[in-house]
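To start, the structure under review is shown below, and the notes come after it.
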Amino acid sequence: MPGLNGRRVAIVAGVRTPFTKAGTLLKDARAVDLARYAGRELLERTNLDGHEVDEVIFGQVVPSALVPNVGREVSLLPQFPKEIPAYSLNRACASANQAITAAQDQIALGNANVIIAGGTEALSDIPILASRRLADILVEASKAKSLAGRIKTFAKIRPRDLVPVSPAIAEPSTGESMGQSAEKMAKENHISREAQDRWALRSHTLAAKGTADGRLTAEIVPWLSTRPGGPIVQQDNGIRTDTSLEQMAKLKPVFDRRYGSVTAANSSPLTDGASAVLLMSEEAARTLGYEPLTFIRSYAVAAVDPGWQLLQAPIFAVPTALERAGIQWKDLGLIELHEAFASQVLSNLQGFAVMGGSIAIGHPFGATGGRIVTTLSNEMKRRDVQFGLISVCAQGGMGFAMVLERR
Ligand SMILES: CC(C)(COP(=O)(O)OP(=O)(O)OC[C@H]1O[C@@H](n2cnc3c(N)ncnc32)[C@H](O)[C@@H]1OP(=O)(O)O)[C@@H](O)C(=O)NCCC(=O)NCCS
C-alpha cells in the first residue's frame, strides 16, 4: 500500500521468542521482558543502530496494570536513544498485525523511515484483580481519618469479597468464550471432529518439519533466563511429534462436553511469547544497505456481529485486501492463516497454511501477527513467490488480512 507519494514499505526482518505453553518454560517472564528481549535481538541480528529507529509500536491484548505501555519500555532499551516515541495497542489476536500496519501507514505517509513493530503476551502472568466491593472498601479505608474508622471499614469485608477476579477469554458483549464460538462454528458449518483433528495433525506435522529443517528455528531468539538456574529455551514447546489421529480422537471435548468436537488438540493453546518486525521505507532500506524480504501491498480489517460466527470475519477482510492489492485469489503463491481453532480454520478456509500454525506453534495473542508476517516473508523469499496472504481472526468478531509482495 504505497503512500500517495509512492513510498513502499518493506518488511526487512523479524524475530520472536520461543512460543511456550502458558505455565511452562517462560512462566517467570513478564510480557515486557519478552517484548524487550525480542526488540533487542532484532537490533542485534540486523546490526541496526538504534538511532535509526523512528518509532516503536507493540501490540498486547492483556496488559499489565503496572506496565500499560509495553512499547515504550521496548524503546527505552539501552540500545535506543531515549527520545524514540512508542505506543502500545490492542486489536485482539491481530494486535501485532495492527502494529505492523500502523508502522506501514506512518512510513507510507512519510512521517517515519524505520519502525520496529511487534507484540507480546504473557498468559502465565495475567492480572488477577480484586473484587469491585473489596476495591471500594480499600479506597474507603484509605480515606478514613482514624485507625478506628479504618478498622470499622475493614470489618465490612466478607469472604466472598476476597475471591479474585481474572480476565476471561470471553466476549464482553455476548459472554461467549472463544472456545464456545469455535464449537458453534463447527456445528453451523458442519465441520466434523475428524476434519478438525486432521487439520490439527497437519499443523503439528508441518510445524515439526519447519522446526527440524531450521526454517522456524531461524526466526527464534533462544531465551536465556536471567533467573539463576533458569531454563535456556530454544524452541516452541507446543509442537507435538508424538501425536496421532488415534490419540487425538481419545480427548474429550472441552467447551461442550456432551455434544462438542473442540478439544485441547484441535485448539491453539494458551501461550507466552513476543515477536518484533523491522519495517523500513524502500528508500531507507536501500540507503542503509538492507535487502527487503517483502513489501506490504495492501491490508484490510473487517468485523462481524460477535453474536454470529465470532471468528468468521477473515472471509470479509481477505476479499477486500485482495481487491485493494488489485490481485485475485489465484495470484497468491502462499497463505499464512492464523489457527485459533481447527473449526475456525476450516470455516474460514479457502486455501492452505505454509508451515503449521498457531494450533501447534502456540498463540500468544498480542504476538502472533509478528510471527506470521516474519514466517510468510521468509518463506516467500525462499520460494521466490510474488504474492502472499495473511489472514487472522480476532476477538470482537474482527478479521485482518494483508497481502505481501516480493518485488
Ligand atoms: C483448549 C484448552 C482449554 C486446553 O487446555 P488444557 O486442558 O490446559 O490443555 P493441555 O495442554 O493440558 O491438554 C489437555 C490434555 O490433552 C492432551 N493433548 C493436547 N493436545 C494433544 C495432541 N495434539 N495430541 C494428543 N493429546 C493432546 C494433553 O497431553 C493433555 O493430556 P493429559 O491431561 O493426559 O496431560 C486451552 O488450550 C484453551 O483454552 N485454548 C483456547 C485458547 C483460546 O481461546 N484462544 C483464543 C483464540 S482466538
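Order determines the names: the first chain of the C-alpha cells is A, the second B, and so forth; residues in each chain are numbered 1 upward, and ligands are numbered 1 upward as they are shown.
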
Exercise for the section: Please check which protein, DNA or RNA residues sit within 8 Å of ligand 1, counting only C-alpha atoms and all ligand atoms, and write them as a ChimeraX atom specification. Expected result: /A:21,93,169,177-179,200-201,204,240,242-245,247-248,251,254-255,262-270,311,339-341,360,363,365,393-395

Per residue of range 237-342 of chain A within 12 Å of range 65-86 of chain A, what are the shortest atom pair and its distance in Å to one decimal, counting only C-alpha atoms, with rows by chain and residue number, as a tab-separated table?
residue	atom	partner	partner_atom	distance
A:Ala274	CA	A:Val70	CA	11.3
A:Ser275	CA	A:Val74	CA	11.8
A:Ala276	CA	A:Val74	CA	10.3

Between A:Thr211, A:Ser225, A:Gln98, A:Gln106, smallest distance to Leu34 in chain A by only C-alpha atoms belongs to A:Ser225

Exercise for the section: From range 59-111 of chain A, collect each residue whose DSSP state is alpha helix (DSSP H) and return the set as a PyMOL selection string. Expected result: chain A and resi 70-75+95-109

request  = Compile the contact shell of Ile315 in chain A as an MDAnalysis selection string: residues with an atom at most 12 Å away, counting only C-alpha atoms, same-chain residues fewer than 4 positions apart removed.
outcome  = chainID A and resid 300:304 309:311 319:322 337 344:351 390:393 397:401

Using only C-alpha atoms, the shortest atom-to-atom distance to Lys27 in chain A among A:Gly388, A:Gly260, A:Pro231, A:Gly238 belongs to A:Pro231

- When you draw a straight line from CA of Thr17 in chain A to CA of Val221 in chain A, how long is it in Å?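 Computed distance, CA of Thr17 in chain A to CA of Val221 in chain A, equals 5.0 Å.
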
Can you pull out the residues contacting Asn90 in chain A? Cut-off 12 Å, using only C-alpha atoms, and skip same-chain residues under 4 positions away; I want them as a PDB file with C-alpha atoms, in the first residue's frame.
ATOM      1  CA  ILE A  57       4.791   0.062  18.290  1.00  0.00           C
ATOM      2  CA  PHE A  58       3.764  -3.062  20.203  1.00  0.00           C
ATOM      3  CA  GLY A  59       0.518  -4.975  20.498  1.00  0.00           C
ATOM      4  CA  GLN A  60      -0.675  -6.605  23.710  1.00  0.00           C
ATOM      5  CA  VAL A  61      -4.125  -7.991  24.499  1.00  0.00           C
ATOM      6  CA  VAL A  62      -3.990  -8.487  28.275  1.00  0.00           C
ATOM      7  CA  PRO A  63      -1.756  -5.660  29.513  1.00  0.00           C
ATOM      8  CA  PRO A  68       0.428  -0.395  30.470  1.00  0.00           C
ATOM      9  CA  ASN A  69       2.588   0.896  27.585  1.00  0.00           C
ATOM     10  CA  VAL A  70       4.873  -2.021  26.844  1.00  0.00           C
ATOM     11  CA  GLY A  71       6.024  -0.428  23.556  1.00  0.00           C
ATOM     12  CA  ALA A  94      -4.447  -9.255  15.323  1.00  0.00           C
ATOM     13  CA  SER A  95      -2.613  -6.795  17.593  1.00  0.00           C
ATOM     14  CA  ALA A  96       0.888  -7.317  16.182  1.00  0.00           C
ATOM     15  CA  ASN A  97      -0.633  -7.178  12.684  1.00  0.00           C
ATOM     16  CA  GLN A  98      -2.188  -3.868  13.644  1.00  0.00           C
ATOM     17  CA  ALA A  99       1.175  -2.617  14.969  1.00  0.00           C
ATOM     18  CA  ALA A 102       0.311   1.317  11.870  1.00  0.00           C
ATOM     19  CA  GLY A 118       5.634  -6.312  17.229  1.00  0.00           C
ATOM     20  CA  GLY A 119       3.619  -7.777  20.020  1.00  0.00           C
ATOM     21  CA  THR A 120       3.838  -9.619  23.288  1.00  0.00           C
ATOM     22  CA  GLU A 121       1.726 -11.709  25.631  1.00  0.00           C
ATOM     23  CA  PHE A 365      -2.436 -13.258  21.447  1.00  0.00           C
ATOM     24  CA  GLY A 366      -0.552  -9.966  21.062  1.00  0.00           C
ATOM     25  CA  ALA A 367       2.493 -11.540  19.373  1.00  0.00           C
ATOM     26  CA  GLY A 369       0.855 -11.342  13.988  1.00  0.00           C
ATOM     27  CA  ALA A 394      -9.702 -11.807  16.314  1.00  0.00           C
ATOM     28  CA  GLN A 395     -11.884 -11.285  19.362  1.00  0.00           C
ATOM     29  CA  GLY A 396     -14.806  -8.930  18.886  1.00  0.00           C
TER      30      GLY A 396
END

Please identify all polymer residues within 8 Å of Met1 in chain A, counting only C-alpha atoms, omitting same-chain residues fewer than 2 positions from it, and present them as a short mmCIF file (atom, residue, chain, number, x, y, z; two decimals) with N, CA and C atoms, in the first residue's frame.
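Final file, result-v2.cif:
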data_model
loop_
_atom_site.label_atom_id
_atom_site.label_comp_id
_atom_site.auth_asym_id
_atom_site.auth_seq_id
_atom_site.Cartn_x
_atom_site.Cartn_y
_atom_site.Cartn_z
N GLY A 3 2.20 5.02 -0.21
CA GLY A 3 1.52 6.29 0.04
C GLY A 3 1.29 7.00 -1.29
N ARG A 8 6.91 2.87 -0.79
CA ARG A 8 6.58 1.48 -0.47
C ARG A 8 7.23 1.09 0.83
N VAL A 9 6.56 0.19 1.56
CA VAL A 9 7.07 -0.18 2.89
C VAL A 9 7.58 -1.62 2.87
N ALA A 108 4.53 5.05 4.97
CA ALA A 108 3.99 5.41 3.65
C ALA A 108 3.65 6.90 3.59
N ILE A 296 4.75 -4.52 1.75
CA ILE A 296 3.31 -4.58 2.04
C ILE A 296 2.55 -4.03 0.84
N ARG A 297 1.69 -4.86 0.28
CA ARG A 297 0.94 -4.45 -0.91
C ARG A 297 -0.43 -3.86 -0.51
N SER A 298 -1.08 -4.50 0.46
CA SER A 298 -2.38 -3.99 0.91
C SER A 298 -2.73 -4.63 2.25
N TYR A 299 -3.73 -4.08 2.90
CA TYR A 299 -4.29 -4.75 4.08
C TYR A 299 -5.75 -4.34 4.23
N ALA A 325 -5.27 -4.87 -3.29
CA ALA A 325 -3.97 -5.22 -3.89
C ALA A 325 -4.07 -5.29 -5.41
#
